[in-house]
file protein_27.cif (mmCIF, C-alpha atoms and all ligand atoms)
data_data
loop_
_atom_site.label_atom_id
_atom_site.label_comp_id
_atom_site.auth_asym_id
_atom_site.auth_seq_id
_atom_site.Cartn_x
_atom_site.Cartn_y
_atom_site.Cartn_z
CA MET A 1 102.55 81.49 105.01
CA LEU A 2 99.68 83.21 103.19
CA GLU A 3 96.08 82.12 102.99
CA MET A 4 93.21 84.00 101.39
CA GLU A 5 89.92 82.30 101.97
CA ARG A 6 86.78 83.27 100.05
CA VAL A 7 87.74 86.95 99.96
CA ASN A 8 85.23 89.44 98.52
CA THR A 9 85.92 93.11 97.82
CA SER A 10 84.04 95.92 96.03
CA TYR A 11 84.83 99.38 94.72
CA GLY A 12 81.76 101.30 95.88
CA THR A 13 78.84 99.23 94.71
CA VAL A 14 80.85 97.43 92.04
CA PRO A 15 81.96 93.95 93.13
CA MET A 16 85.60 93.15 92.33
CA LEU A 17 87.12 90.07 93.99
CA ARG A 18 84.64 87.23 94.27
CA GLU A 19 85.30 84.33 96.65
CA VAL A 20 89.04 84.46 95.99
CA SER A 21 90.95 81.71 97.78
CA LEU A 22 94.64 81.12 97.39
CA ARG A 23 97.54 79.93 99.46
CA VAL A 24 101.32 80.11 99.49
CA GLY A 25 103.09 77.53 101.62
CA GLU A 26 106.30 78.02 103.55
CA GLY A 27 109.21 78.37 101.09
CA GLU A 28 106.90 78.03 98.12
CA MET A 29 106.79 80.27 95.04
CA VAL A 30 103.33 80.79 93.59
CA CYS A 31 102.26 83.08 90.77
CA LEU A 32 98.99 84.90 90.21
CA LEU A 33 98.26 85.56 86.55
CA GLY A 34 95.42 87.44 84.92
CA PRO A 35 94.57 89.83 82.11
CA ASN A 36 94.37 93.62 82.59
CA GLY A 37 91.62 94.56 85.00
CA ALA A 38 91.24 91.02 86.38
CA GLY A 39 91.83 92.19 89.96
CA LYS A 40 95.51 91.33 90.49
CA SER A 41 96.44 94.64 92.12
CA THR A 42 93.18 94.51 94.08
CA THR A 43 94.34 91.15 95.44
CA PHE A 44 97.74 92.69 96.32
CA ASN A 45 95.97 95.58 98.12
CA ALA A 46 93.72 93.17 100.03
CA ILE A 47 96.81 91.28 101.25
CA CYS A 48 98.81 94.35 102.26
CA GLY A 49 95.92 96.04 104.02
CA LEU A 50 95.36 98.92 101.58
CA LEU A 51 91.91 97.54 100.85
CA ARG A 52 89.73 95.81 103.41
CA ALA A 53 88.14 92.54 102.42
CA GLU A 54 84.38 92.74 102.96
CA SER A 55 84.21 89.09 103.81
CA GLY A 56 86.53 86.14 103.87
CA GLN A 57 89.88 85.88 105.57
CA VAL A 58 93.45 86.91 104.88
CA ARG A 59 95.94 85.09 107.11
CA ILE A 60 99.70 85.40 107.25
CA ALA A 61 101.57 82.77 109.25
CA GLY A 62 98.20 81.77 110.71
CA ARG A 63 97.28 85.26 111.87
CA ASP A 64 94.24 87.15 110.59
CA VAL A 65 95.66 90.36 109.09
CA ARG A 66 92.54 92.03 107.76
CA ASP A 67 92.76 94.77 110.42
CA CYS A 68 96.50 94.68 110.86
CA GLY A 69 97.70 97.74 108.89
CA THR A 70 100.52 97.76 106.37
CA GLU A 71 103.30 98.81 108.78
CA ALA A 72 102.49 95.98 111.18
CA LEU A 73 102.78 93.49 108.32
CA ALA A 74 106.46 94.36 107.86
CA SER A 75 107.15 93.34 111.44
CA LEU A 76 105.25 90.08 110.83
CA GLY A 77 107.88 89.17 108.25
CA VAL A 78 106.29 90.25 104.99
CA GLY A 79 108.05 92.26 102.28
CA PHE A 80 106.05 94.01 99.54
CA VAL A 81 107.02 95.11 96.05
CA PRO A 82 104.14 97.33 94.89
CA GLU A 83 103.31 97.99 91.25
CA GLY A 84 105.28 101.01 90.01
CA ARG A 85 107.95 100.53 92.77
CA ARG A 86 106.67 103.49 94.90
CA LEU A 87 110.10 104.53 96.19
CA PHE A 88 110.47 107.90 97.94
CA PRO A 89 112.07 109.74 94.99
CA THR A 90 113.79 112.52 96.96
CA LEU A 91 115.36 110.08 99.43
CA THR A 92 118.56 108.23 98.64
CA VAL A 93 118.64 104.51 98.07
CA ARG A 94 120.14 104.03 101.54
CA GLU A 95 117.37 106.14 103.12
CA ASN A 96 114.66 104.18 101.30
CA LEU A 97 116.21 100.95 102.54
CA ARG A 98 116.55 102.35 106.06
CA LEU A 99 112.80 103.07 106.28
CA ALA A 100 111.97 99.51 105.31
CA PHE A 101 114.62 98.12 107.67
CA ASP A 102 113.18 100.09 110.60
CA ALA A 103 109.62 99.02 109.74
CA ALA A 104 110.66 95.36 109.90
CA ARG A 105 111.62 95.79 113.58
CA ALA A 106 114.08 92.90 113.56
CA PRO A 107 116.44 93.51 116.52
CA ALA A 108 118.67 90.59 115.55
CA LEU A 109 119.64 92.29 112.29
CA GLU A 110 122.17 95.04 111.77
CA PHE A 111 121.54 97.70 109.11
CA ALA A 112 125.12 97.88 107.79
CA ALA A 113 125.30 94.10 107.38
CA GLN A 114 121.94 94.04 105.61
CA ILE A 115 123.06 96.83 103.25
CA GLU A 116 126.14 94.78 102.39
CA LYS A 117 123.96 91.74 101.75
CA MET A 118 121.69 93.75 99.42
CA ALA A 119 124.71 95.20 97.59
CA GLN A 120 125.95 91.66 96.95
CA LEU A 121 122.58 90.53 95.68
CA PHE A 122 122.13 93.66 93.52
CA PRO A 123 125.56 94.75 92.21
CA ARG A 124 123.83 97.51 90.21
CA ILE A 125 122.90 99.41 93.36
CA ARG A 126 126.16 99.07 95.30
CA GLU A 127 127.70 102.27 93.92
CA ARG A 128 124.36 104.10 93.99
CA LEU A 129 123.49 103.87 97.67
CA ASP A 130 123.77 107.65 98.12
CA GLN A 131 121.95 108.56 94.91
CA ARG A 132 118.39 109.90 95.13
CA SER A 133 116.16 107.09 94.03
CA GLY A 134 114.06 109.34 91.76
CA THR A 135 117.13 109.95 89.57
CA MET A 136 117.76 106.26 88.92
CA SER A 137 116.77 104.33 85.80
CA GLY A 138 113.61 102.23 85.84
CA GLY A 139 115.65 99.03 86.04
CA GLU A 140 117.72 100.30 88.96
CA GLN A 141 114.56 101.42 90.77
CA ALA A 142 113.11 97.93 90.28
CA MET A 143 116.17 96.45 92.00
CA VAL A 144 115.93 98.97 94.86
CA ALA A 145 112.23 98.17 95.33
CA LEU A 146 113.10 94.48 95.64
CA ALA A 147 116.01 95.20 97.99
CA ARG A 148 113.64 97.28 100.11
CA ALA A 149 111.28 94.31 100.39
CA LEU A 150 114.15 91.99 101.38
CA ILE A 151 116.22 94.10 103.76
CA GLY A 152 114.29 93.06 106.88
CA GLU A 153 114.67 89.32 106.03
CA PRO A 154 110.97 88.62 105.42
CA ARG A 155 109.59 85.07 105.33
CA LEU A 156 107.08 86.04 102.65
CA VAL A 157 107.52 88.41 99.70
CA VAL A 158 104.51 89.63 97.71
CA MET A 159 105.26 91.28 94.35
CA ASP A 160 102.84 93.12 92.06
CA GLU A 161 103.97 93.07 88.42
CA PRO A 162 107.61 93.72 89.25
CA SER A 163 108.82 93.23 85.67
CA LEU A 164 106.56 95.91 84.21
CA GLY A 165 108.57 98.31 82.06
CA LEU A 166 111.85 96.34 82.21
CA SER A 167 113.75 95.43 79.05
CA PRO A 168 113.85 91.70 78.14
CA LYS A 169 117.51 91.49 79.28
CA LEU A 170 116.71 93.08 82.63
CA ILE A 171 113.66 90.86 83.07
CA ASP A 172 115.98 87.83 82.84
CA GLU A 173 118.38 89.34 85.38
CA TYR A 174 115.50 90.29 87.68
CA PHE A 175 113.92 86.85 87.67
CA GLN A 176 117.27 85.17 88.27
CA ILE A 177 117.41 87.16 91.50
CA VAL A 178 113.79 86.25 92.32
CA ALA A 179 114.64 82.56 91.81
CA ARG A 180 117.59 82.95 94.20
CA ILE A 181 115.26 84.44 96.81
CA ARG A 182 113.00 81.41 96.44
CA ASP A 183 116.04 79.12 96.76
CA GLN A 184 116.85 80.82 100.09
CA GLY A 185 113.57 79.39 101.39
CA LYS A 186 111.39 82.48 101.30
CA ALA A 187 107.76 82.15 100.32
CA VAL A 188 106.90 84.29 97.28
CA LEU A 189 103.62 85.38 95.72
CA LEU A 190 104.47 86.71 92.29
CA ILE A 191 101.68 88.66 90.60
CA GLU A 192 102.63 88.85 86.93
CA GLN A 193 101.46 89.53 83.38
CA ASN A 194 104.54 87.78 82.07
CA ALA A 195 103.01 84.29 82.31
CA GLU A 196 105.73 82.25 80.66
CA THR A 197 108.50 83.62 82.88
CA ALA A 198 106.37 83.45 86.02
CA LEU A 199 105.31 79.84 85.38
CA SER A 200 108.88 78.87 84.57
CA ILE A 201 110.08 79.80 88.09
CA ALA A 202 106.97 79.27 90.26
CA GLU A 203 105.86 75.85 91.45
CA ARG A 204 102.16 76.59 91.19
CA GLY A 205 99.93 79.26 89.74
CA TYR A 206 96.44 80.76 89.80
CA LEU A 207 94.64 82.51 86.96
CA LEU A 208 92.35 85.37 87.95
CA VAL A 209 89.64 86.38 85.47
CA ARG A 210 87.09 89.12 86.26
CA GLY A 211 87.73 88.88 89.97
CA ARG A 212 87.44 85.12 90.25
CA ILE A 213 90.00 82.33 90.31
CA ALA A 214 89.33 80.65 86.98
CA LEU A 215 92.17 78.10 87.02
CA GLN A 216 94.82 76.83 89.40
CA GLY A 217 97.43 74.13 89.29
CA ALA A 218 101.04 73.12 89.00
CA SER A 219 103.04 75.41 86.70
CA ALA A 220 103.85 72.57 84.30
CA ASP A 221 100.12 71.83 83.88
CA LEU A 222 99.20 75.50 83.47
CA LEU A 223 101.87 75.93 80.79
CA ARG A 224 100.08 73.21 78.80
CA ASP A 225 96.58 74.51 79.54
CA ASP A 226 94.65 75.72 76.48
CA THR A 227 93.15 78.78 78.25
CA ILE A 228 96.58 79.95 79.39
CA ARG A 229 98.16 79.21 76.02
CA HIS A 230 95.39 81.10 74.25
CA MET A 231 95.65 84.09 76.60
CA TYR A 232 99.40 84.40 76.86
CA LEU A 233 101.67 82.06 74.98
N1 LIG B 1 90.16 102.57 93.53
C1 LIG B 1 89.35 102.06 92.59
N2 LIG B 1 88.09 102.53 92.42
C2 LIG B 1 87.27 101.99 91.50
N3 LIG B 1 87.62 100.96 90.68
C3 LIG B 1 88.85 100.48 90.79
C4 LIG B 1 89.79 100.99 91.75
N4 LIG B 1 90.95 100.31 91.63
C5 LIG B 1 90.76 99.41 90.64
N5 LIG B 1 89.50 99.51 90.15
C6 LIG B 1 88.93 98.68 89.07
O1 LIG B 1 88.96 97.32 89.46
C7 LIG B 1 89.31 96.47 88.36
C8 LIG B 1 90.54 95.63 88.72
O2 LIG B 1 91.67 96.50 88.86
P1 LIG B 1 93.11 95.94 89.24
O3 LIG B 1 94.01 97.13 89.28
O4 LIG B 1 93.00 95.09 90.43
O5 LIG B 1 93.41 95.02 87.96
P2 LIG B 1 94.76 94.31 87.52
O6 LIG B 1 94.42 92.86 87.30
O7 LIG B 1 95.85 94.60 88.49
O8 LIG B 1 95.03 94.99 86.12
P3 LIG B 1 96.41 95.49 85.42
O9 LIG B 1 97.10 94.24 84.97
O10 LIG B 1 95.89 96.30 84.26
O11 LIG B 1 97.18 96.29 86.43
C9 LIG B 1 89.53 97.40 87.17
O12 LIG B 1 88.36 97.40 86.39
C10 LIG B 1 89.76 98.77 87.81
O13 LIG B 1 89.28 99.80 86.96
#
call {"tool": "encode", "arguments": {"input": "protein_27.cif", "output": "structure tokens"}}
result
Amino acid sequence: MLEMERVNTSYGTVPMLREVSLRVGEGEMVCLLGPNGAGKSTTFNAICGLLRAESGQVRIAGRDVRDCGTEALASLGVGFVPEGRRLFPTLTVRENLRLAFDAARAPALEFAAQIEKMAQLFPRIRERLDQRSGTMSGGEQAMVALARALIGEPRLVVMDEPSLGLSPKLIDEYFQIVARIRDQGKAVLLIEQNAETALSIAERGYLLVRGRIALQGASADLLRDDTIRHMYL
């Protein structure tokens, strides 16, 4: 579903990502770990078209998306959960979801039915559909941001540190929902600081250090790896 091949990016003259290659297969959940400043959000931006890769390729479902634009990606079946949620705070939950639903351009889907599906998946937002999203708690906003990524039935979901700022109890609830999404057959790239939780639900993982992929492997192997244990566990 997602392939990055030898991607390089810079901020001005400062190189950031260096020869980054990663892939997420159909229905597979993969995590991208890395310390602060490693380039995780840069990788997210390179996938969603906010930052153009200088060289290398970014392909989604076999299509080169480097010049695609973020809106077009939604209609290719990709849902994004950006760091910090980035909801429209003065719009209601329903309006935020509507924008994402329209961007997905999926004529076979019906908005009311998709809202009902999201309300079932996220009971916390059912009674808040007409509340302005900026007045919701951080945990509720996190659920709305995930519902927004899912409402157009994407085949691939890319999440940038979605658990940031959530309480331990909410993190558990959040990742139970993420695991259910994976079980529905969606491909997921989970960019996370929370290595133990991420590796416990993803099949494989990559470790990004100073813009380069330093380690990759099956989650069970990474959980036993000395570098990962030293950095996180
Ligand atoms: N727009 C920008 N202009 C210049 N430098 C930037 C820009 N965005 C990010 N950087 C730098 O690139 C490096 C990687 O940033 P990035 O946000 O990708 O890291 P990260 O792994 O997501 O870190 P964190 O876990 O702290 O969010 C950092 O040193 C950051 O200061």
call {"tool": "atom_distance", "arguments": {"input": "protein_27.cif", "atom1": "CA of Asn36 in chain A", "atom2": "atom O7 of ligand LIG 1 (chain B)"}}
result
6.2 Å
call {"tool": "closest_residue", "arguments": {"input": "protein_27.cif", "among": "A:Val144, A:Leu207, A:Leu2, A:Ala61", "to": "ligand LIG 1 (chain B)", "atoms": "only C-alpha atoms and all ligand atoms"}}
result
A:Leu207
call {"tool": "atom_distance", "arguments": {"input": "protein_27.cif", "atom1": "CA of Thr42 in chain A", "atom2": "CA of Gly185 in chain A"}}
result
26.4 Å
call {"tool": "residues_around", "arguments": {"input": "protein_27.cif", "residues": "range 140-142 of chain A", "least_positions_apart": "3", "cutoff": "12 Å", "atoms": "all atoms listed in the file", "output": "PyMOL selection string"}}
result
chain A and resi 81-89+92-93+96-97+122-129+131-137+145-149+159-167+170-171+173-175+177-178
call {"tool": "atom_distance", "arguments": {"input": "protein_27.cif", "atom1": "CA of Arg6 in chain A", "atom2": "CA of Gln57 in chain A"}}
result
6.8 Å
call {"tool": "residues_near_ligand", "arguments": {"input": "protein_27.cif", "ligand": "ligand LIG 1 (chain B)", "cutoff": "9 Å", "atoms": "all atoms listed in the file", "output": "NGL selection string"}}
result
:A and (10-12 or 14-17 or 33-45 or 83 or 160-161 or 191-193 or 208-211)
call {"tool": "closest_residue", "arguments": {"input": "protein_27.cif", "among": "A:Val157, A:Met1, A:Ala104, A:Leu76", "to": "Gly62 in chain A", "atoms": "only C-alpha atoms"}}
result
A:Met1
call {"tool": "residues_near_point", "arguments": {"input": "protein_27.cif", "point": "(101.0, 76.8, 83.3)", "cutoff": "9 Å", "atoms": "only C-alpha atoms", "output": "PyMOL selection string"}}
result
chain A and resi 195-196+198-200+204-206+216-225+228-229
call {"tool": "closest_atom_pairs", "arguments": {"input": "protein_27.cif", "of": "range 69-97 of chain A", "to": "range 49-55 of chain A", "cutoff": "12 Å", "atoms": "all atoms listed in the file", "output": "CSV"}}
result
residue,atom,partner,partner_atom,distance
A:Gly69,CA,A:Gly49,CA,5.5
A:Thr70,CA,A:Gly49,CA,5.4
A:Glu71,CA,A:Gly49,CA,9.2
A:Ala72,CA,A:Gly49,CA,9.7
A:Leu73,CA,A:Gly49,CA,8.5
A:Ala74,CA,A:Gly49,CA,11.3
A:Val78,CA,A:Gly49,CA,11.9
A:Phe80,CA,A:Gly49,CA,11.3
A:Pro82,CA,A:Leu50,CA,11.2
call {"tool": "closest_residue", "arguments": {"input": "protein_27.cif", "among": "A:Gly25, A:Leu32, A:Leu121, A:Met143", "to": "Ala214 in chain A", "atoms": "only C-alpha atoms"}}
result
A:Leu32
call {"tool": "residues_around", "arguments": {"input": "protein_27.cif", "residues": "Arg155 in chain A", "least_positions_apart": "4", "cutoff": "7 Å", "atoms": "all atoms listed in the file", "output": "PyMOL selection string"}}
result
chain A and resi 77-78+186-187
call {"tool": "closest_residue", "arguments": {"input": "protein_27.cif", "among": "A:Val158, A:Ile47, A:Cys31, A:Met231", "to": "Val7 in chain A", "atoms": "all atoms listed in the file"}}
result
A:Ile47
call {"tool": "closest_residue", "arguments": {"input": "protein_27.cif", "among": "A:Ile115, A:Cys48, A:Met29, A:Ala108", "to": "Gln184 in chain A", "atoms": "all atoms listed in the file"}}
result
A:Met29
call {"tool": "closest_residue", "arguments": {"input": "protein_27.cif", "among": "A:Thr90, A:Ser21, A:Ser75, A:Gln120", "to": "Val58 in chain A", "atoms": "only C-alpha atoms"}}
result
A:Ser21
call {"tool": "build_atoms", "arguments": {"input": "protein_27.cif", "residues": "range 42-59 of chain A", "atoms": "N, CA and C atoms", "output": "PDB file, in the frame of the given file"}}
result
ATOM      1  N   THR A  42      94.177  94.511  93.001  1.00  0.00           N
ATOM      2  CA  THR A  42      93.180  94.510  94.080  1.00  0.00           C
ATOM      3  C   THR A  42      93.530  93.401  95.082  1.00  0.00           C
ATOM      4  N   THR A  43      93.951  92.262  94.564  1.00  0.00           N
ATOM      5  CA  THR A  43      94.340  91.150  95.440  1.00  0.00           C
ATOM      6  C   THR A  43      95.558  91.567  96.276  1.00  0.00           C
ATOM      7  N   PHE A  44      96.541  92.197  95.612  1.00  0.00           N
ATOM      8  CA  PHE A  44      97.740  92.690  96.320  1.00  0.00           C
ATOM      9  C   PHE A  44      97.295  93.647  97.453  1.00  0.00           C
ATOM     10  N   ASN A  45      96.399  94.593  97.120  1.00  0.00           N
ATOM     11  CA  ASN A  45      95.970  95.580  98.120  1.00  0.00           C
ATOM     12  C   ASN A  45      95.210  94.919  99.272  1.00  0.00           C
ATOM     13  N   ALA A  46      94.463  93.867  98.963  1.00  0.00           N
ATOM     14  CA  ALA A  46      93.720  93.170 100.030  1.00  0.00           C
ATOM     15  C   ALA A  46      94.698  92.435 100.959  1.00  0.00           C
ATOM     16  N   ILE A  47      95.825  91.973 100.403  1.00  0.00           N
ATOM     17  CA  ILE A  47      96.810  91.280 101.250  1.00  0.00           C
ATOM     18  C   ILE A  47      97.563  92.294 102.104  1.00  0.00           C
ATOM     19  N   CYS A  48      97.952  93.424 101.494  1.00  0.00           N
ATOM     20  CA  CYS A  48      98.810  94.350 102.260  1.00  0.00           C
ATOM     21  C   CYS A  48      98.022  95.358 103.079  1.00  0.00           C
ATOM     22  N   GLY A  49      96.718  95.223 103.103  1.00  0.00           N
ATOM     23  CA  GLY A  49      95.920  96.040 104.020  1.00  0.00           C
ATOM     24  C   GLY A  49      95.524  97.397 103.465  1.00  0.00           C
ATOM     25  N   LEU A  50      95.781  97.635 102.162  1.00  0.00           N
ATOM     26  CA  LEU A  50      95.360  98.920 101.580  1.00  0.00           C
ATOM     27  C   LEU A  50      93.876  98.897 101.231  1.00  0.00           C
ATOM     28  N   LEU A  51      93.329  97.703 101.170  1.00  0.00           N
ATOM     29  CA  LEU A  51      91.910  97.540 100.850  1.00  0.00           C
ATOM     30  C   LEU A  51      91.370  96.467 101.786  1.00  0.00           C
ATOM     31  N   ARG A  52      90.250  96.782 102.445  1.00  0.00           N
ATOM     32  CA  ARG A  52      89.730  95.810 103.410  1.00  0.00           C
ATOM     33  C   ARG A  52      88.799  94.819 102.712  1.00  0.00           C
ATOM     34  N   ALA A  53      89.043  93.550 102.968  1.00  0.00           N
ATOM     35  CA  ALA A  53      88.140  92.540 102.420  1.00  0.00           C
ATOM     36  C   ALA A  53      86.790  92.672 103.125  1.00  0.00           C
ATOM     37  N   GLU A  54      85.717  92.633 102.342  1.00  0.00           N
ATOM     38  CA  GLU A  54      84.380  92.740 102.960  1.00  0.00           C
ATOM     39  C   GLU A  54      84.013  91.466 103.679  1.00  0.00           C
ATOM     40  N   SER A  55      84.422  90.364 103.115  1.00  0.00           N
ATOM     41  CA  SER A  55      84.210  89.090 103.810  1.00  0.00           C
ATOM     42  C   SER A  55      85.329  88.154 103.388  1.00  0.00           C
ATOM     43  N   GLY A  56      85.428  87.060 104.116  1.00  0.00           N
ATOM     44  CA  GLY A  56      86.530  86.140 103.870  1.00  0.00           C
ATOM     45  C   GLY A  56      87.688  86.468 104.795  1.00  0.00           C
ATOM     46  N   GLN A  57      88.747  85.712 104.662  1.00  0.00           N
ATOM     47  CA  GLN A  57      89.880  85.880 105.570  1.00  0.00           C
ATOM     48  C   GLN A  57      91.190  86.010 104.818  1.00  0.00           C
ATOM     49  N   VAL A  58      92.069  86.844 105.379  1.00  0.00           N
ATOM     50  CA  VAL A  58      93.450  86.910 104.880  1.00  0.00           C
ATOM     51  C   VAL A  58      94.325  86.592 106.078  1.00  0.00           C
ATOM     52  N   ARG A  59      95.081  85.502 105.984  1.00  0.00           N
ATOM     53  CA  ARG A  59      95.940  85.090 107.110  1.00  0.00           C
ATOM     54  C   ARG A  59      97.386  85.008 106.649  1.00  0.00           C
TER      55      ARG A  59
END
